[in-house]
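Peer 1: Take a look at this one; I'll ask things after.
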There are 2 protein chains.
Amino acid sequence: MFVETIAIFGVGLLGGSIGLAVRERHLARRVVGIGRDLAKLREAENRGAVTEVTTDLAAGVRDANLIIICTPVETVVDFVRQIAPVVGKGTLITDVGSTKASIVDGADKVLADGKGLWAAFVGSHPLAGGEKNGVLFAKADLLEERTVVVTPSAATNPDAAAKVERFWQALGARTVRVTPEEHDVAIAATSHLPHLVASALAAATPVSDLPLAAAGWSDTTRIAAGDAELWRQILLDNRVHTLKALERFEKVMAELRAALEANDSAALLRLLTQGKRNRDFVGN
Amino acid sequence: MFVETIAIFGVGLLGGSIGLAVRERHLARRVVGIGRDLAKLREAENRGAVTEVTTDLAAGVRDANLIIICTPVETVVDFVRQIAPVVGKGTLITDVGSTKASIVDGADKVLADGKGLWAAFVGSHPLAGGEKNGVLFAKADLLEERTVVVTPSAATNPDAAAKVERFWQALGARTVRVTPEEHDVAIAATSHLPHLVASALAAATPVSDLPLAAAGWSDTTRIAAGDAELWRQILLDNRVHTLKALERFEKVMAELRAALEANDSAALLRLLTQGKRNRDFVGN
């Protein structure tokens, strides 16, 4: 048992998978699913991802020792603001948002306000999920052997950060600790830019050519199937770092274009080899 | 039994998989593996992909009823030129190259020369394979339920084209028939441009950020692990159509950049939705 009660706000793919894993690993006696859509909450309850559900935020978080916010990035800080005055002493709050600087900064400000004397916030970003949404795709092993980035700020309570790391580890994940800013810079390159590129590639493919699309096209564009509104929020929130990553990408693309235009075998081979080297570094 | 003897020139992933499937499905009594590297040929023989091997091109093709050229695109026409004078009457030649116009045009010219009175050439492109090379990754079901594009030209013997289609179908593939030019235009958009983009994305990712690369990055860049020299040949051979596809991609990327720079939610959502629509059209 990790804590007595865990509250999960937002029981989709990630929230649902966390709930399933918590229950399978007996990390909490109660797992409260909180949300606005009762039908979705009932679905999560039927799947066994939570032990009880409520649409009443205050009631849902009141007895929780650990609150995990699994809602779109633009809504996280607002939710922290709403629950800060009602949570119990020593409550730990974390989130799973794909951006961290604005969320951690916002939550730090809310809690420094005096309204959240009882709670500690620690930003998290599990590098798992995918383009399929909804609790129907949730699975207890979603986080197993995946990386969860934990992003304490200067204002974060160190004990709280360590406890949040132990929670993710208890779900089978490994944790990496960086600052919120370091997170956003790296994830702009490894996730947010790839999303832009995949989306552009899919959009730029003439529909009449799609019957000849095979595994290469499907792999390269897969993440473009992600929820457009969620990604709009992520990309705008991290637009500065994403634009910087985009600049690096555009530079390589311009070199590739020049090599093709000039029929320059040596330059093209050099660029393809550079891409292959980075790709091979990561492996499958 | 489809024919008595099949010769496969180049027994890597694709050639090896074709050999395994031919043998598993009893489509030929003899499957001759031809190549320059005896060690690789022996590996294919040990895996059961071929029944005999030779480094002597003329000897290897002499008795073949069907010859499948599975070598890099730049070498295909030259191989047709070498074997045309020595093959037997009614021999069918096909290839598996990722580009078709230059190969089919080159082979047509060789055979119209009078040197290849006995043989018919039909261009093929199986949409299967992947970034892993070598007969060790070959498998008998590689082509099952995959698409093979067959590209007869105005000079192609219609019976030969139909027979080549039946061969791929006998391996469990479905065939699509388009002209070599139509093939190159569509594949530029669905395969060659994605390769450029995946390679640029991998090359543009700072190595220090790679520890935070997760499934999204891995999917989007997977094909960049392909053999750089093979892809150099493909991209240069199809550079005109690839550059046209690149122009469409750059246009969408410029719109995405403008939306990010202007913090324009509506434009960004519209572009992401357009990408998602095309991606969802193809499915998994």
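FYI, nothing fancy with the structure tokens labels: chains A, B, ... in order, residues from 1 per chain, ligands from 1 as they appear.
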What residues in range 100-211 of chain A get the DSSP label helix (DSSP H, G or I)? Please answer as a PyMOL selection string.
Peer 2: chain A and resi 101-115+135-137+158-170+180-204+207-211
Peer 1: I'd like the neighbourhood of range 132-135 of chain B as a PyMOL selection string, where a residue qualifies if any of its atoms comes within 7 Å (using only C-alpha atoms), though same-chain residues fewer than 2 positions away should be ignored.
Peer 2: chain B and resi 11-13+16+44+130+137-138+226
Peer 1: Tell me, as JSON, numbers by chain, which residues lie within 12 Å of Arg239 in chain B, counting only C-alpha atoms; anything in the same chain fewer than 3 positions away does not count.
Peer 2: {"A": [256, 257, 258, 259, 260, 261, 262, 263, 264, 265, 268], "B": [99, 101, 102, 184, 185, 187, 188, 189, 192, 193, 196, 231, 232, 233, 234, 235, 236, 242, 243, 244, 245, 246]}
Peer 1: Please report the interatomic distance between CA of Ser218 in chain B and CA of Leu272 in chain A in Å with one decimal.
Peer 2: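 Interatomic distance here is 16.4 Å.
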Peer 1: I'd like the neighbourhood of Lys100 in chain B as a ChimeraX atom specification, where a residue qualifies if any of its atoms comes within 10 Å (using only C-alpha atoms), though same-chain residues fewer than 4 positions away should be ignored.
Peer 2: /B:73,95-96,104-106,122-125,149-153,179-184,187,234,237-238
Peer 1: Between CA of Gly283 in chain A and CA of Arg248 in chain A, what distance in Å does the model show, to one decimal?
Peer 2: 22.2 Å
Peer 1: In Å, how far is it from CA of Trp118 in chain B to CA of Gly90 in chain B?
Peer 2: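 So the answer is 5.5 Å.
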